[in-house]
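Here the structure is laid out as structure tokens; the discussion comes afterwards.
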Amino acid sequence: MGIKLTARLQKIADQVTIGHRVADIGTDHGYIPIYLLKNNISPFVIAGDINERPLRCAENNIEANNLVNSIETRLGSGLSILQPKEVDTVIVAGMGGLLISELIDNSKEIAQNLSTLIFQPMQAQAELREYLVNNDFIIERDILVKEDRHIYEIIVAKPGKQEILDPICYEVGFHINSNPRPLAIEFIAKKIKTAKEIIQNISENASESSFEKLKEMKNKLKRFEEVLLCLQR
Ligand SMILES: C[S@@+](CC[C@H](N)C(=O)[O-])C[C@H]1O[C@@H](n2cnc3c(N)ncnc32)[C@H](O)[C@@H]1O
């Protein structure tokens with residue numbers, strides 16, 4: 001049985017270096033591990049999940065693809081299921097950015113010994129980028145992928161020190177220019193729309209405490225508009 005990934009999962013799998021041993025944390029269905037093995041990208045994959053039900057689902061799919069000898073399933077939280085240097089790449093996809101940073105923070109030694117970390121946060125992407133940079137990771141790639149009407153962000157990092165020239169990069173990514181121009185423009189236009197809605201909301205329910213938030217959002221909006229202008233040049 002072959003495996004056809006969705007656009008989001010395919011883009012995540014595309015970030016894996018050929019030959020790398022991989023751990024897919026929060027694997028759920030196990031599609032990425034199966035794809036990496038079936039396509040001879042990885043020699044060995046660990047598929048981890050904190051919940052038994054998704055792990056059983058992955059195990060069933062792994063069995064149906066005759067890959068029980070090359071994909072090891074492990075029950076447990078985050079990177080705690082790994083030994084240092086057991087894999088080269090870790091993937092954490094489909095979780096919130098705050099949870100992802102918590103999982104890295106709980107297993108710093110393991111994370112700092114990886115070659116590549118591939119994240120696909122569903123929310124709090126800026127907070128995850130900031131966490132990574134403040135905790136000795138370099139953001140190597142920021143990839144956008146559209147599936148249905150949603151634009152997903154993929155962050156590829158490695159251990160190292162990164163200098164921050166402009167904090168807006170936490171919001172829009174450090175490498176937005178490397179994405180197809182129309183997609184990058186659509187992504188920023190969505191950020192502008194959301195920022196305007198938030199500003200409208202705060203203005204309607206103005207209170208003393210919301211003044212700082214309003215100022216911050218207006219500043220962010222101005223920066224997003226500058227990024228959009230650069231992309232449209
Ligand atoms: C929304 S699914 C994402 C599945 C897959 N990675 C994807 O992107 O399609 C999130 C999965 O993460 C698992 N999960 C949640 N918290 C976790 C943790 N602390 N450690 C490992 N897995 C976790 C859940 O059980 C669930 O299977």
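Labels used: A, B, ... for chains in the order of the structure tokens, numbers from 1 for residues in each chain, and numbers from 1 for ligands as shown.
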
message: Going by DSSP on the backbone, which residues of range 11-208 of chain A come out as helix (DSSP H, G or I)? List them as a PyMOL selection string.
response: chain A and resi 11-14+31-38+52-64+78-81+97-105+108-112+125-134+168-172+176-178+181-204

- request: Could you give me, as JSON, numbers by chain, the residues within 12 Å of Leu99 in chain A, counting only C-alpha atoms and dropping anything in the same chain fewer than 3 positions from it?
  value: {"A": [25, 26, 77, 78, 79, 92, 93, 94, 95, 96, 102, 103, 104, 105, 106, 119, 120, 121, 122, 123, 124, 125, 127, 128, 131]}

Could you give me, as a short mmCIF file (atom, residue, chain, number, x, y, z; two decimals) with C-alpha atoms, in the first residue's frame, the residues within 12 Å of Leu37 in chain A, counting only C-alpha atoms and dropping anything in the same chain fewer than 3 positions from it?
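Done, and the output landed in around_10.cif:
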data_model
loop_
_atom_site.label_atom_id
_atom_site.label_comp_id
_atom_site.auth_asym_id
_atom_site.auth_seq_id
_atom_site.Cartn_x
_atom_site.Cartn_y
_atom_site.Cartn_z
CA GLY A 2 1.52 3.33 -1.10
CA ILE A 3 1.04 6.59 0.71
CA ALA A 13 8.49 15.38 4.73
CA VAL A 16 14.06 15.74 5.80
CA ILE A 18 18.15 11.89 2.84
CA GLY A 19 19.83 9.37 5.15
CA HIS A 20 18.75 11.03 8.39
CA ARG A 21 17.27 8.93 11.16
CA VAL A 22 14.04 10.64 12.16
CA GLY A 30 2.08 7.69 11.25
CA TYR A 31 1.90 8.87 7.62
CA ILE A 32 5.19 10.81 7.69
CA PRO A 33 7.24 7.85 9.07
CA ILE A 34 5.66 5.54 6.49
CA ASN A 40 14.00 5.55 0.95
CA ILE A 41 14.51 8.94 2.59
CA SER A 42 15.20 7.59 6.09
CA PRO A 43 16.75 4.27 7.12
CA PHE A 44 14.97 4.25 10.48
CA VAL A 45 12.13 6.23 12.05
CA ILE A 46 10.75 6.47 15.56
CA ALA A 47 7.04 7.33 15.71
CA ILE A 62 2.75 0.71 9.78
CA ASN A 65 2.66 -1.15 4.96
CA ASN A 66 4.96 -3.99 6.18
CA LEU A 67 7.26 -1.56 7.96
CA VAL A 68 7.24 -2.97 11.50
CA ASN A 69 11.00 -3.65 11.31
CA SER A 70 11.98 -0.11 10.31
CA ILE A 71 9.56 2.08 12.29
CA GLU A 72 9.64 1.85 16.07
#

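If you measure from each of A:Ile198, A:Ile118, A:Ile50, A:Ile138 to ligand 1 using only C-alpha atoms and all ligand atoms, the closest one turns out to be A:Ile50.
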
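For the pair CA of Ile168 in chain A and CA of Arg223 in chain A, the interatomic distance is 7.1 Å.
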
field: DSSP strand (DSSP E) residues within range 63-101 of chain A, as a list of chain:residue names
entry: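 Selection result, strand (DSSP E) within range 63-101 of chain A: A:Ile71, A:Glu72, A:Thr73, A:Arg74, A:Leu75, A:Thr89, A:Val90, A:Ile91, A:Val92, A:Ala93, A:Gly94, A:Met95.
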
message: Restricting the calculation to only C-alpha atoms: of A:Leu82, A:Lys146, A:Glu130, A:Lys193, which residue gets closest to Asp166 in chain A?
response: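 Smallest distance to Asp166 in chain A is found for A:Glu130.
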
statement: Separating CA of Asp148 in chain A from CA of Gln15 in chain A, to the nearest tenth of an Å, is a gap of 20.8 Å

message: What's the separation between CA of Leu9 in chain A and atom 4 (C, counted along the ligand's line) of ligand 1, in Å to one decimal place?
response: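 A separation of 9.4 Å between them.
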
Excluding Thr194 in chain A and any residue of its chain fewer than 5 positions from it, enumerate the residues within 12 Å of it, using only C-alpha atoms, and give them as a PDB file with N, CA and C atoms, in the first residue's frame.
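Output file out.pdb is given in full below:
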ATOM      1  N   PHE A 187      -0.090  35.446   2.622  1.00  0.00           N
ATOM      2  CA  PHE A 187       0.181  35.198   4.048  1.00  0.00           C
ATOM      3  C   PHE A 187       0.224  36.524   4.827  1.00  0.00           C
ATOM      4  N   ILE A 188       0.931  37.497   4.302  1.00  0.00           N
ATOM      5  CA  ILE A 188       1.036  38.802   4.987  1.00  0.00           C
ATOM      6  C   ILE A 188      -0.310  39.540   4.937  1.00  0.00           C
ATOM      7  N   ALA A 189      -1.008  39.426   3.819  1.00  0.00           N
ATOM      8  CA  ALA A 189      -2.323  40.085   3.716  1.00  0.00           C
ATOM      9  C   ALA A 189      -3.272  39.538   4.789  1.00  0.00           C
ATOM     10  N   ILE A 199      -7.439  45.323  16.179  1.00  0.00           N
ATOM     11  CA  ILE A 199      -7.423  46.760  16.504  1.00  0.00           C
ATOM     12  C   ILE A 199      -8.866  47.273  16.655  1.00  0.00           C
ATOM     13  N   GLN A 200      -9.700  46.860  15.725  1.00  0.00           N
ATOM     14  CA  GLN A 200     -11.111  47.266  15.752  1.00  0.00           C
ATOM     15  C   GLN A 200     -11.774  46.800  17.054  1.00  0.00           C
ATOM     16  N   ASN A 201     -11.504  45.551  17.391  1.00  0.00           N
ATOM     17  CA  ASN A 201     -12.066  44.964  18.605  1.00  0.00           C
ATOM     18  C   ASN A 201     -11.635  45.689  19.859  1.00  0.00           C
ATOM     19  N   MET A 217      -0.435  46.545  18.673  1.00  0.00           N
ATOM     20  CA  MET A 217      -1.065  46.016  17.452  1.00  0.00           C
ATOM     21  C   MET A 217      -0.940  46.999  16.295  1.00  0.00           C
ATOM     22  N   LYS A 218      -1.056  48.297  16.601  1.00  0.00           N
ATOM     23  CA  LYS A 218      -0.941  49.300  15.535  1.00  0.00           C
ATOM     24  C   LYS A 218       0.477  49.298  14.978  1.00  0.00           C
ATOM     25  N   LYS A 220       2.505  46.697  15.004  1.00  0.00           N
ATOM     26  CA  LYS A 220       2.644  45.449  14.234  1.00  0.00           C
ATOM     27  C   LYS A 220       2.023  45.617  12.843  1.00  0.00           C
ATOM     28  N   LEU A 221       0.842  46.230  12.798  1.00  0.00           N
ATOM     29  CA  LEU A 221       0.137  46.433  11.532  1.00  0.00           C
ATOM     30  C   LEU A 221       1.007  47.246  10.571  1.00  0.00           C
ATOM     31  N   PHE A 224       3.717  45.007   9.246  1.00  0.00           N
ATOM     32  CA  PHE A 224       3.194  44.047   8.256  1.00  0.00           C
ATOM     33  C   PHE A 224       2.989  44.761   6.916  1.00  0.00           C
TER      34      PHE A 224
END

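Taking only C-alpha atoms and all ligand atoms into account, ligand 1 lies nearest to A:Ser101 out of the set A:Asn135, A:Ser203, A:Ser101, A:Asn113.
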
- request: Between A:Arg129, A:Lys38, A:Lys213, A:His150, single out the one closest to Val172 in chain A, counting only C-alpha atoms.
  value: A:Arg129

message: Could you check the closest approach to ligand 1 for each of A:Asn39, A:Ser209, A:Thr6, A:Asn51 and tell me which residue wins, using only C-alpha atoms and all ligand atoms?
response: A:Asn51
